[in-house]
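Trainee: Provided herewith: my_file_29.pdb, PDB, C-alpha atoms.
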MODEL        1
ATOM      1  CA  MET A 224       3.116 -28.749  70.130
ATOM      2  CA  LYS A 225       1.665 -32.155  71.018
ATOM      3  CA  CYS A 226       1.135 -34.572  68.205
ATOM      4  CA  GLN A 227      -1.303 -37.408  67.776
ATOM      5  CA  ILE A 228      -0.001 -40.699  66.368
ATOM      6  CA  LEU A 229      -2.336 -42.447  63.928
ATOM      7  CA  TYR A 230      -2.161 -45.985  62.567
ATOM      8  CA  PRO A 231      -4.510 -46.269  59.619
ATOM      9  CA  PHE A 232      -2.330 -48.772  57.753
ATOM     10  CA  PRO A 233      -2.301 -52.558  58.251
ATOM     11  CA  ASN A 234       0.559 -53.846  60.440
ATOM     12  CA  ASP A 235       1.522 -50.248  61.258
ATOM     13  CA  GLU A 236       3.669 -50.100  58.114
ATOM     14  CA  VAL A 237       3.251 -46.365  58.012
ATOM     15  CA  LYS A 238       2.828 -44.136  61.039
ATOM     16  CA  ILE A 239       1.117 -40.798  60.708
ATOM     17  CA  PHE A 240       1.892 -38.012  63.149
ATOM     18  CA  ALA A 241      -0.681 -35.216  63.195
ATOM     19  CA  PHE A 242       0.554 -31.915  64.590
ATOM     20  CA  PRO A 243      -2.030 -29.280  65.498
ATOM     21  CA  PHE A 244      -1.246 -25.642  64.735
ATOM     22  CA  SER A 245      -3.525 -24.115  67.326
ATOM     23  CA  LEU A 246      -3.765 -20.529  66.083
ATOM     24  CA  VAL A 247      -5.700 -21.599  63.001
ATOM     25  CA  ASP A 248      -6.566 -25.154  64.129
ATOM     26  CA  GLY A 249      -4.236 -26.271  61.330
ATOM     27  CA  ARG A 250      -2.645 -29.671  60.847
ATOM     28  CA  MET A 251       0.785 -30.756  59.714
ATOM     29  CA  TYR A 252       1.096 -34.469  58.994
ATOM     30  CA  ILE A 253       4.246 -36.555  59.009
ATOM     31  CA  LEU A 254       4.062 -39.973  57.377
ATOM     32  CA  LEU A 255       6.884 -42.269  58.294
ATOM     33  CA  THR A 256       8.150 -45.669  57.154
ATOM     34  CA  ASN A 257      11.551 -47.103  58.044
ATOM     35  CA  LYS A 258      13.591 -44.775  55.875
ATOM     36  CA  GLU A 259      11.141 -42.586  54.024
ATOM     37  CA  CYS A 260       9.164 -39.619  55.184
ATOM     38  CA  ILE A 261       6.479 -37.360  53.793
ATOM     39  CA  VAL A 262       5.638 -34.067  55.476
ATOM     40  CA  VAL A 263       2.321 -32.544  54.492
ATOM     41  CA  ASP A 264       1.998 -28.776  55.029
ATOM     42  CA  PRO A 265       4.979 -28.210  57.339
ATOM     43  CA  VAL A 266       4.509 -26.023  60.385
ATOM     44  CA  ASN A 267       7.277 -23.928  61.882
ATOM     45  CA  ASP A 268       7.865 -25.998  65.001
ATOM     46  CA  ASP A 269      10.690 -28.091  66.418
ATOM     47  CA  ASP A 270       8.641 -31.122  67.430
ATOM     48  CA  GLY A 271       8.250 -32.417  63.898
ATOM     49  CA  ILE A 272      11.993 -32.120  63.374
ATOM     50  CA  LEU A 273      12.730 -33.904  66.654
ATOM     51  CA  ILE A 274      10.599 -36.889  65.701
ATOM     52  CA  LEU A 275      12.620 -37.360  62.539
ATOM     53  CA  LYS A 276      16.063 -36.772  64.019
ATOM     54  CA  ASN A 277      18.117 -39.939  64.480
ATOM     55  CA  LYS A 278      15.625 -41.958  62.447
ATOM     56  CA  GLY A 279      18.074 -42.334  59.571
ATOM     57  CA  ILE A 280      15.673 -40.755  57.142
ATOM     58  CA  GLU A 281      17.079 -41.110  53.654
ATOM     59  CA  GLU A 282      14.310 -39.498  51.700
ATOM     60  CA  LEU A 283      12.020 -36.677  52.787
ATOM     61  CA  LYS A 284       9.307 -35.286  50.589
ATOM     62  CA  ILE A 285       7.374 -32.165  51.485
ATOM     63  CA  ILE A 286       3.912 -32.030  49.961
ATOM     64  CA  LEU A 287       2.023 -28.731  50.003
ATOM     65  CA  THR A 288      -1.748 -29.074  49.749
ATOM     66  CA  HIS A 289      -1.829 -25.459  48.573
ATOM     67  CA  GLU A 290       0.025 -22.181  48.554
ATOM     68  CA  HIS A 291      -1.485 -20.299  51.506
ATOM     69  CA  CYS A 292       0.994 -19.104  54.102
ATOM     70  CA  ASP A 293      -0.459 -21.067  57.020
ATOM     71  CA  HIS A 294       0.496 -24.266  55.159
ATOM     72  CA  ILE A 295       4.106 -23.403  54.376
ATOM     73  CA  THR A 296       5.502 -21.825  57.547
ATOM     74  CA  GLY A 297       7.746 -24.794  58.348
ATOM     75  CA  VAL A 298       9.333 -25.388  54.950
ATOM     76  CA  LYS A 299      12.523 -23.535  55.794
ATOM     77  CA  ARG A 300      12.943 -25.354  59.093
ATOM     78  CA  PHE A 301      12.680 -28.765  57.414
ATOM     79  CA  ARG A 302      15.029 -27.687  54.637
ATOM     80  CA  ASP A 303      17.537 -26.502  57.247
ATOM     81  CA  ASN A 304      17.541 -29.961  58.838
ATOM     82  CA  PHE A 305      16.973 -32.422  56.011
ATOM     83  CA  ASP A 306      17.571 -32.898  52.337
ATOM     84  CA  CYS A 307      14.030 -32.276  51.129
ATOM     85  CA  GLU A 308      12.146 -32.477  47.871
ATOM     86  CA  LEU A 309       9.191 -30.094  47.881
ATOM     87  CA  ILE A 310       6.386 -31.154  45.549
ATOM     88  CA  CYS A 311       3.208 -29.245  44.745
ATOM     89  CA  THR A 312       1.046 -28.176  41.821
ATOM     90  CA  LYS A 313       2.362 -25.818  39.161
ATOM     91  CA  GLU A 314       0.098 -23.030  40.400
ATOM     92  CA  CYS A 315       1.241 -23.547  43.970
ATOM     93  CA  ALA A 316       4.886 -23.526  42.833
ATOM     94  CA  GLU A 317       4.292 -20.171  41.132
ATOM     95  CA  ALA A 318       2.650 -18.693  44.228
ATOM     96  CA  ILE A 319       4.817 -19.788  47.154
ATOM     97  CA  PRO A 320       7.850 -17.578  46.332
ATOM     98  CA  ASP A 321       5.550 -14.521  46.246
ATOM     99  CA  PRO A 322       4.305 -13.152  49.609
ATOM    100  CA  ARG A 323       1.333 -11.560  47.882
ATOM    101  CA  LYS A 324       0.257 -14.785  46.217
ATOM    102  CA  ASN A 325       0.846 -16.958  49.263
ATOM    103  CA  LEU A 326      -1.020 -14.292  51.279
ATOM    104  CA  SER A 327       1.728 -13.810  53.878
ATOM    105  CA  GLN A 328       2.079 -10.213  52.674
ATOM    106  CA  PHE A 329      -1.152  -9.590  54.556
ATOM    107  CA  SER A 330       0.336 -10.672  57.867
ATOM    108  CA  ASP A 331      -1.240  -7.737  59.729
ATOM    109  CA  PHE A 332      -4.640  -8.895  58.559
ATOM    110  CA  TRP A 333      -3.934 -12.485  59.678
ATOM    111  CA  LYS A 334      -2.738 -11.283  63.051
ATOM    112  CA  MET A 335      -5.852  -9.185  63.548
ATOM    113  CA  THR A 336      -8.181 -11.973  62.474
ATOM    114  CA  ILE A 337      -6.490 -14.611  64.591
ATOM    115  CA  SER A 338      -6.221 -12.369  67.625
ATOM    116  CA  GLU A 339      -9.953 -11.694  67.397
ATOM    117  CA  ARG A 340     -10.699 -15.399  67.092
ATOM    118  CA  ASN A 341      -8.484 -16.283  70.027
ATOM    119  CA  LYS A 342      -9.808 -13.345  72.050
ATOM    120  CA  GLU A 343      -6.312 -12.308  72.999
ATOM    121  CA  THR A 344      -3.195 -10.846  71.544
ATOM    122  CA  VAL A 345      -0.865 -13.721  70.854
ATOM    123  CA  ALA A 346       2.663 -14.043  69.523
ATOM    124  CA  LEU A 347       2.181 -14.547  65.838
ATOM    125  CA  ASP A 348       5.672 -14.869  64.492
ATOM    126  CA  ASP A 349       4.463 -17.629  62.201
ATOM    127  CA  PHE A 350       2.448 -15.085  60.309
ATOM    128  CA  ASN A 351       5.269 -12.922  59.208
ATOM    129  CA  VAL A 352       6.125 -12.819  55.524
ATOM    130  CA  VAL A 353       7.170 -16.281  54.394
ATOM    131  CA  THR A 354       8.336 -17.623  51.046
ATOM    132  CA  CYS A 355       9.689 -20.899  49.710
ATOM    133  CA  GLU A 356      10.325 -22.677  46.452
ATOM    134  CA  ALA A 357       9.278 -25.985  44.928
ATOM    135  CA  ASP A 358      11.711 -28.626  43.681
ATOM    136  CA  ASN A 359       9.159 -30.453  41.618
ATOM    137  CA  TRP A 360       5.709 -29.474  40.388
ATOM    138  CA  PHE A 361       3.036 -31.072  38.282
ATOM    139  CA  GLU A 362      -0.146 -30.379  36.362
ATOM    140  CA  LYS A 363      -3.276 -32.428  37.016
ATOM    141  CA  GLU A 364      -1.723 -35.509  38.615
ATOM    142  CA  LEU A 365       1.505 -37.060  39.928
ATOM    143  CA  SER A 366       2.059 -40.464  41.516
ATOM    144  CA  PHE A 367       4.929 -42.044  43.415
ATOM    145  CA  LEU A 368       5.502 -44.995  45.707
ATOM    146  CA  PHE A 369       5.892 -44.681  49.457
ATOM    147  CA  GLY A 370       6.808 -48.043  50.923
ATOM    148  CA  LYS A 371       4.198 -50.383  49.508
ATOM    149  CA  TYR A 372       1.701 -47.615  48.993
ATOM    150  CA  LYS A 373       0.886 -45.487  46.011
ATOM    151  CA  MET A 374       0.671 -41.775  46.681
ATOM    152  CA  GLN A 375      -1.381 -39.950  44.110
ATOM    153  CA  LEU A 376      -1.332 -36.160  44.043
ATOM    154  CA  VAL A 377      -4.379 -34.778  42.277
ATOM    155  CA  GLN A 378      -4.974 -31.126  41.472
ATOM    156  CA  SER A 379      -8.134 -29.950  43.244
ATOM    157  CA  PRO A 380      -8.698 -26.252  42.483
ATOM    158  CA  GLY A 381     -11.355 -24.160  44.141
ATOM    159  CA  HIS A 382     -10.122 -23.113  47.554
ATOM    160  CA  SER A 383      -7.058 -21.836  45.717
ATOM    161  CA  LYS A 384      -5.551 -22.171  42.262
ATOM    162  CA  GLY A 385      -2.813 -24.472  43.482
ATOM    163  CA  SER A 386      -4.731 -26.889  45.708
ATOM    164  CA  LEU A 387      -4.174 -30.628  45.633
ATOM    165  CA  CYS A 388      -5.378 -33.734  47.417
ATOM    166  CA  MET A 389      -3.100 -36.668  48.179
ATOM    167  CA  VAL A 390      -4.684 -40.096  47.835
ATOM    168  CA  VAL A 391      -3.028 -43.071  49.494
ATOM    169  CA  THR A 392      -3.890 -46.439  47.966
ATOM    170  CA  ASP A 393      -2.746 -49.929  48.859
ATOM    171  CA  VAL A 394      -1.246 -52.527  46.525
ATOM    172  CA  ARG A 395      -4.730 -53.615  45.452
ATOM    173  CA  GLY A 396      -5.490 -50.057  44.388
ATOM    174  CA  ILE A 397      -7.948 -49.517  47.223
ATOM    175  CA  PRO A 398      -7.847 -46.005  48.674
ATOM    176  CA  ILE A 399      -7.078 -45.855  52.391
ATOM    177  CA  CYS A 400      -6.920 -42.170  53.108
ATOM    178  CA  LEU A 401      -7.036 -38.710  51.593
ATOM    179  CA  PHE A 402      -5.086 -35.614  52.594
ATOM    180  CA  THR A 403      -7.392 -32.846  51.515
ATOM    181  CA  GLY A 404      -5.813 -29.600  52.699
ATOM    182  CA  ASP A 405      -8.539 -26.960  52.709
ATOM    183  CA  SER A 406     -10.525 -28.657  49.919
ATOM    184  CA  LEU A 407     -12.556 -30.795  52.316
ATOM    185  CA  MET A 408     -12.762 -30.479  56.092
ATOM    186  CA  ALA A 409     -14.991 -32.142  58.645
ATOM    187  CA  ASP A 410     -15.102 -29.153  60.990
ATOM    188  CA  TYR A 411     -15.092 -26.225  58.582
ATOM    189  CA  GLU A 412     -16.858 -25.090  55.466
ATOM    190  CA  VAL A 413     -14.612 -24.920  52.406
ATOM    191  CA  SER A 414     -14.115 -21.315  51.345
ATOM    192  CA  THR A 415     -13.615 -20.506  47.691
ATOM    193  CA  ARG A 416     -13.621 -16.745  48.299
ATOM    194  CA  ALA A 417      -9.879 -16.347  48.864
ATOM    195  CA  PRO A 418      -7.862 -14.604  46.155
ATOM    196  CA  GLY A 419      -7.472 -17.161  43.380
ATOM    197  CA  GLY A 420     -10.362 -19.238  44.671
ATOM    198  CA  SER A 421     -13.108 -20.416  42.353
ATOM    199  CA  LYS A 422     -16.469 -21.841  43.340
ATOM    200  CA  LYS A 423     -17.010 -22.910  39.733
ATOM    201  CA  LYS A 424     -13.799 -24.956  39.573
ATOM    202  CA  TYR A 425     -14.481 -26.427  42.984
ATOM    203  CA  GLU A 426     -17.926 -27.588  41.908
ATOM    204  CA  GLU A 427     -16.874 -28.773  38.452
ATOM    205  CA  ILE A 428     -13.523 -30.427  39.222
ATOM    206  CA  THR A 429     -12.887 -30.978  42.901
ATOM    207  CA  LEU A 430     -16.294 -31.953  44.251
ATOM    208  CA  PRO A 431     -16.851 -34.767  41.709
ATOM    209  CA  PHE A 432     -13.357 -36.061  42.487
ATOM    210  CA  LEU A 433     -14.022 -36.064  46.225
ATOM    211  CA  LYS A 434     -17.425 -37.649  45.770
ATOM    212  CA  SER A 435     -15.791 -40.559  43.944
ATOM    213  CA  PHE A 436     -14.528 -41.794  47.331
ATOM    214  CA  MET A 437     -16.833 -43.712  49.596
ATOM    215  CA  GLY A 438     -17.059 -45.592  52.845
ATOM    216  CA  ASP A 439     -14.164 -45.925  55.218
ATOM    217  CA  VAL A 440     -11.638 -43.723  53.420
ATOM    218  CA  ILE A 441     -10.139 -41.446  56.065
ATOM    219  CA  VAL A 442      -9.996 -37.723  55.371
ATOM    220  CA  TYR A 443      -7.055 -35.853  56.900
ATOM    221  CA  PRO A 444      -7.826 -32.156  56.405
ATOM    222  CA  GLY A 445      -5.688 -29.036  56.599
ATOM    223  CA  HIS A 446      -7.688 -27.774  59.568
ATOM    224  CA  GLY A 447      -9.644 -29.557  62.261
ATOM    225  CA  SER A 448     -10.191 -33.218  62.951
ATOM    226  CA  ASP A 449      -9.966 -36.231  60.674
ATOM    227  CA  SER A 450     -13.062 -38.174  59.702
ATOM    228  CA  LEU A 451     -14.302 -41.037  57.581
ATOM    229  CA  ILE A 452     -15.524 -39.715  54.272
ATOM    230  CA  LYS A 453     -18.868 -41.445  54.732
ATOM    231  CA  HIS A 454     -19.531 -39.163  57.694
ATOM    232  CA  LEU A 455     -18.994 -35.986  55.704
ATOM    233  CA  GLN A 456     -21.704 -34.090  53.910
ATOM    234  CA  PHE A 457     -20.530 -32.184  50.885
TER
ATOM    235  CA  MET B  36     -16.994   3.286  37.512
ATOM    236  CA  THR B  37     -20.718   3.196  38.272
ATOM    237  CA  ILE B  38     -22.217   1.936  41.525
ATOM    238  CA  LYS B  39     -23.725  -0.952  39.586
ATOM    239  CA  GLU B  40     -20.290  -1.954  38.324
ATOM    240  CA  LYS B  41     -18.826  -1.755  41.813
ATOM    241  CA  LEU B  42     -21.654  -3.859  43.211
ATOM    242  CA  ALA B  43     -21.078  -6.402  40.436
ATOM    243  CA  MET B  44     -17.437  -6.647  41.494
ATOM    244  CA  LEU B  45     -18.456  -7.300  45.089
ATOM    245  CA  GLU B  46     -21.075  -9.834  44.008
ATOM    246  CA  GLU B  47     -18.392 -11.738  42.143
ATOM    247  CA  LEU B  48     -16.059 -11.555  45.123
ATOM    248  CA  PHE B  49     -18.790 -12.756  47.506
ATOM    249  CA  GLU B  50     -19.967 -15.416  45.002
ATOM    250  CA  MET B  51     -23.452 -13.925  45.009
ATOM    251  CA  ASP B  52     -25.939 -13.798  42.158
ATOM    252  CA  GLU B  53     -25.934 -10.755  39.915
ATOM    253  CA  GLY B  54     -28.195  -8.028  41.299
ATOM    254  CA  SER B  55     -28.462  -9.602  44.759
ATOM    255  CA  LEU B  56     -26.328  -7.054  46.611
ATOM    256  CA  SER B  57     -27.447  -3.585  47.627
ATOM    257  CA  ALA B  58     -25.713  -0.669  49.302
ATOM    258  CA  GLU B  59     -27.874  -0.883  52.422
ATOM    259  CA  MET B  60     -26.975  -4.477  53.250
ATOM    260  CA  VAL B  61     -25.118  -5.032  56.516
ATOM    261  CA  LEU B  62     -21.838  -6.870  56.010
ATOM    262  CA  ASP B  63     -21.960  -8.893  59.224
ATOM    263  CA  GLU B  64     -25.332 -10.271  58.158
ATOM    264  CA  LEU B  65     -23.834 -11.779  55.000
ATOM    265  CA  GLU B  66     -22.610 -15.357  55.448
ATOM    266  CA  GLN B  67     -20.134 -14.679  52.638
ATOM    267  CA  TRP B  68     -18.375 -11.982  54.690
ATOM    268  CA  ASP B  69     -15.688 -14.311  56.051
ATOM    269  CA  SER B  70     -11.957 -13.855  56.516
ATOM    270  CA  MET B  71     -11.199 -15.111  52.997
ATOM    271  CA  ALA B  72     -13.657 -12.599  51.499
ATOM    272  CA  LYS B  73     -12.056  -9.811  53.529
ATOM    273  CA  LEU B  74      -8.648 -10.819  52.238
ATOM    274  CA  SER B  75      -9.939 -10.837  48.678
ATOM    275  CA  LEU B  76     -11.373  -7.369  49.256
ATOM    276  CA  ILE B  77      -7.939  -6.112  50.316
ATOM    277  CA  VAL B  78      -6.466  -7.475  47.081
ATOM    278  CA  LEU B  79      -9.335  -6.107  44.987
ATOM    279  CA  MET B  80      -8.913  -2.601  46.423
ATOM    280  CA  ASP B  81      -5.232  -2.687  45.612
ATOM    281  CA  ASP B  82      -5.575  -4.196  42.128
ATOM    282  CA  GLU B  83      -8.596  -2.293  40.878
ATOM    283  CA  PHE B  84      -8.571   0.953  42.825
ATOM    284  CA  GLY B  85      -4.949   1.387  43.869
ATOM    285  CA  LYS B  86      -5.994   1.734  47.499
ATOM    286  CA  GLU B  87      -4.468   0.102  50.535
ATOM    287  CA  LEU B  88      -7.165  -1.370  52.737
ATOM    288  CA  SER B  89      -6.073  -2.091  56.296
ATOM    289  CA  GLY B  90      -7.550  -4.536  58.759
ATOM    290  CA  ASP B  91      -8.560  -1.621  60.990
ATOM    291  CA  GLN B  92     -10.426  -0.023  58.105
ATOM    292  CA  ILE B  93     -12.258  -3.267  57.380
ATOM    293  CA  LYS B  94     -13.426  -3.380  60.982
ATOM    294  CA  LYS B  95     -15.040   0.029  60.452
ATOM    295  CA  PHE B  96     -17.106  -1.173  57.487
ATOM    296  CA  VAL B  97     -20.716  -1.718  58.516
ATOM    297  CA  LYS B  98     -22.692  -1.651  55.296
ATOM    298  CA  ILE B  99     -21.898  -2.348  51.663
ATOM    299  CA  GLN B 100     -22.206   1.423  51.193
ATOM    300  CA  ASP B 101     -19.077   1.875  53.320
ATOM    301  CA  VAL B 102     -17.157  -0.382  50.953
ATOM    302  CA  LEU B 103     -18.486   1.511  47.935
ATOM    303  CA  ASP B 104     -17.466   4.805  49.536
ATOM    304  CA  PHE B 105     -13.953   3.487  50.117
ATOM    305  CA  MET B 106     -13.719   2.498  46.468
ATOM    306  CA  GLY B 107     -14.242   6.164  45.686
TER
ENDMDL
END
Represent the structure from my file as structure tokens, please.
Mentor:
Amino acid sequence: MKCQILYPFPNDEVKIFAFPFSLVDGRMYILLTNKECIVVDPVNDDDGILILKNKGIEELKIILTHEHCDHITGVKRFRDNFDCELICTKECAEAIPDPRKNLSQFSDFWKMTISERNKETVALDDFNVVTCEADNWFEKELSFLFGKYKMQLVQSPGHSKGSLCMVVTDVRGIPICLFTGDSLMADYEVSTRAPGGSKKKYEEITLPFLKSFMGDVIVYPGHGSDSLIKHLQF
Amino acid sequence: MTIKEKLAMLEELFEMDEGSLSAEMVLDELEQWDSMAKLSLIVLMDDEFGKELSGDQIKKFVKIQDVLDFMG
């Protein structure tokens, strides 16, 4: 799994590693300062672990943008290698221990769908039943510091009950980037038709929140390529 | 359950307006018939009708009528 290294922060204070998960064009992101690390939507792959090994990481937070199985496959692997704190919304925390609610129970369906899309039968071990548990969950909003930056987790229901976006702002309070999971993607339409999805909540809560960002804020989605928010139509 | 009630369930699942779905409509011609909708249909069949809907069965569905027939 080849990763792309991104430097959206001044003076390269924070590096972002973007790992593609080719079967579903997914993305895991690793944000790294000197001693702190945030993993967004961990994928079951060794490369992310290798990047962090021997870095002297003292604090590793796992953030789940939502509860669907293609966004949690790597949780166990990170937990096996690091002392992790997994943070997500309350609804996501309730869903991820349950294969039916995180949709991994329907692994045969995923395998069929992905095999059709990839026009071949592929090894799909990542789509076996998967579960995990949260260490910390929140309702509506949660903020914490990461280096000099403020990380703001904001509930963004619609694609799923437990969706969130992570906003990164600098010391002046100016937003730099947004990790949107499946709530906003440059390359794909947002679907609210999954179990637990709600078009109404997406339109009433999440869309107005997303539309409050303008200009050069970078959107890092759960699938597909990143983009400046000003280039997105939604 | 009447056909109208079943159609209403599917309209809600597909996020379509009430009364906009008919039995003769072809599933592949509906933009709402995506993988997430199919997954929701699997859950709906289990929750509401106690029926296990497989991926292979979904592939055999051509029209809305086929889904209604499966509901029983």
Trainee: Do me a favour and pick out the residues of chain A within 7 Å of chain B, using all atoms listed in the file, as a count of residues only.
Mentor: 5
Trainee: Please report the interatomic distance between CA of Glu427 in chain A and CA of Val390 in chain A in Å with one decimal.
Mentor: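 Interatomic distance here is 19.1 Å.
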Trainee: As a check of understanding, name the residues that the PyMOL selection byres ((chain B and resi 39-45) around 10) selects in the supplied structure, as a short mmCIF file (atom, residue, chain, number, x, y, z; two decimals) with C-alpha atoms, in the coordinates of the input.
Mentor:
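What landed in selection_37.cif:
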data_model
loop_
_atom_site.label_atom_id
_atom_site.label_comp_id
_atom_site.auth_asym_id
_atom_site.auth_seq_id
_atom_site.Cartn_x
_atom_site.Cartn_y
_atom_site.Cartn_z
CA MET B 36 -16.99 3.29 37.51
CA THR B 37 -20.72 3.20 38.27
CA ILE B 38 -22.22 1.94 41.52
CA GLU B 46 -21.08 -9.83 44.01
CA GLU B 47 -18.39 -11.74 42.14
CA LEU B 48 -16.06 -11.56 45.12
CA PHE B 49 -18.79 -12.76 47.51
CA GLU B 50 -19.97 -15.42 45.00
CA MET B 51 -23.45 -13.92 45.01
CA ASP B 52 -25.94 -13.80 42.16
CA GLU B 53 -25.93 -10.76 39.92
CA GLY B 54 -28.20 -8.03 41.30
CA SER B 55 -28.46 -9.60 44.76
CA LEU B 56 -26.33 -7.05 46.61
CA SER B 57 -27.45 -3.58 47.63
CA ALA B 58 -25.71 -0.67 49.30
CA ALA B 72 -13.66 -12.60 51.50
CA SER B 75 -9.94 -10.84 48.68
CA LEU B 76 -11.37 -7.37 49.26
CA LEU B 79 -9.34 -6.11 44.99
CA GLU B 83 -8.60 -2.29 40.88
CA ILE B 99 -21.90 -2.35 51.66
CA GLN B 100 -22.21 1.42 51.19
CA VAL B 102 -17.16 -0.38 50.95
CA LEU B 103 -18.49 1.51 47.94
CA MET B 106 -13.72 2.50 46.47
CA GLY B 107 -14.24 6.16 45.69
#
Trainee: Of the candidates A:Gly381, A:Val266, A:Gly438, A:Phe367, which shows the shortest atom-to-atom distance to Gly249 in chain A, using only C-alpha atoms?
Mentor: A:Val266
Trainee: For the atom pair CA of Phe240 in chain A and CA of Ile274 in chain A, what is the interatomic distance in Å to one decimal place?
Mentor: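 Going from CA of Phe240 in chain A over to CA of Ile274 in chain A, I get 9.1 Å.
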Trainee: Could you put an axis-aligned box around every listed atom of range 48-60 of chain B, padded by 6 Å on each side, and send me its centre and edge lengths in Å to one decimal, as JSON?
Mentor:
{"center_x": -22.3, "center_y": -8.0, "center_z": 46.6, "size_x": 24.4, "size_y": 26.7, "size_z": 25.3}
Trainee: Write out as a list in words which residues come within 7 Å of Leu254 in chain A when counting all atoms listed in the file, dropping same-chain ones fewer than 3 positions away.
Mentor: Val237, Lys238, Ile239, Phe240, Cys260, Ile261 and Val262 of chain A
Trainee: Calculate how many Å separate CA of Gly396 in chain A from CA of Lys453 in chain A, rounding to one decimal.
Mentor: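 So the answer is 19.0 Å.
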Trainee: Residues at most 6 Å from range 281-287 of chain A, counting all atoms listed in the file, excluding those fewer than 3 positions away in the same chain, as a ChimeraX atom specification?
Mentor: /A:258-264,307-311
Trainee: List the residues selected by the PyMOL selection byres ((chain A and resi 289-301) around 7) in the file shown, writing them as a list in words.
Mentor: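 This file, filtered by the PyMOL selection byres ((chain A and resi 289-301) around 7), leaves Asp264, Pro265, Val266, Asn267, Asp268, Ile272, Leu287, Thr288, Arg302, Asp303, Asn304, Phe305, Cys315, Ala318, Ile319, Asn325, Leu326, Ser327, Asp349, Val353, Cys355, Ser383, Gly385, Ser386 and Leu387 of chain A.
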Trainee: Which is closest to Gly420 in chain A among A:Ser366, A:Pro444, A:Glu314, A:Pro243, if we use all atoms listed in the file?
Mentor: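 Of A:Ser366, A:Pro444, A:Glu314, A:Pro243, the one nearest Gly420 in chain A, counting all atoms listed in the file, is A:Glu314.
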Trainee: What do you get, as a PyMOL selection string, if you spell out every residue that the PyMOL selection byres ((chain A and resi 241) around 8) selects here?
Mentor: chain A and resi 226-229+239-240+242-243+250-253
Trainee: Name all residues at most 6 Å from range 246-248 of chain A (count all atoms listed in the file; drop same-chain ones fewer than 2 positions away) and give them as an NGL selection string.
Mentor: :A and (244 or 446-447)
Trainee: Nearest to Thr429 in chain A among A:His382, A:Thr392, A:Ser450, A:Ile399, with distances taken over all atoms listed in the file: which residue is it?
Mentor: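 Closest to Thr429 in chain A, using all atoms listed in the file: A:His382.
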Trainee: Could you write range 280-292 of chain A as a tab-separated table (two decimals), in the coordinates of the input, with N, CA and C atoms rebuilt where they are missing?
Mentor:
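Resulting contents of rebuild35.tsv:
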chain	number	residue	atom	x	y	z
A	280	ILE	N	16.51	-41.04	58.30
A	280	ILE	CA	15.67	-40.76	57.14
A	280	ILE	C	16.54	-40.51	55.91
A	281	GLU	N	16.29	-41.26	54.87
A	281	GLU	CA	17.08	-41.11	53.65
A	281	GLU	C	16.36	-40.29	52.59
A	282	GLU	N	15.07	-40.23	52.71
A	282	GLU	CA	14.31	-39.50	51.70
A	282	GLU	C	13.15	-38.76	52.37
A	283	LEU	N	13.11	-37.46	52.19
A	283	LEU	CA	12.02	-36.68	52.79
A	283	LEU	C	11.34	-35.84	51.71
A	284	LYS	N	10.09	-36.10	51.53
A	284	LYS	CA	9.31	-35.29	50.59
A	284	LYS	C	8.39	-34.35	51.37
A	285	ILE	N	8.34	-33.11	50.93
A	285	ILE	CA	7.37	-32.16	51.48
A	285	ILE	C	6.27	-32.00	50.44
A	286	ILE	N	5.05	-32.23	50.85
A	286	ILE	CA	3.91	-32.03	49.96
A	286	ILE	C	3.12	-30.84	50.48
A	287	LEU	N	2.86	-29.88	49.62
A	287	LEU	CA	2.02	-28.73	50.00
A	287	LEU	C	0.63	-28.93	49.41
A	288	THR	N	-0.38	-28.93	50.26
A	288	THR	CA	-1.75	-29.07	49.75
A	288	THR	C	-2.20	-27.82	49.01
A	289	HIS	N	-1.60	-26.69	49.34
A	289	HIS	CA	-1.83	-25.46	48.57
A	289	HIS	C	-0.88	-24.37	49.05
A	290	GLU	N	-0.99	-23.22	48.43
A	290	GLU	CA	0.02	-22.18	48.55
A	290	GLU	C	-0.16	-21.22	49.73
A	291	HIS	N	-1.23	-21.31	50.47
A	291	HIS	CA	-1.48	-20.30	51.51
A	291	HIS	C	-0.46	-20.40	52.64
A	292	CYS	N	-0.14	-19.21	53.20
A	292	CYS	CA	0.99	-19.10	54.10
A	292	CYS	C	0.88	-19.99	55.35
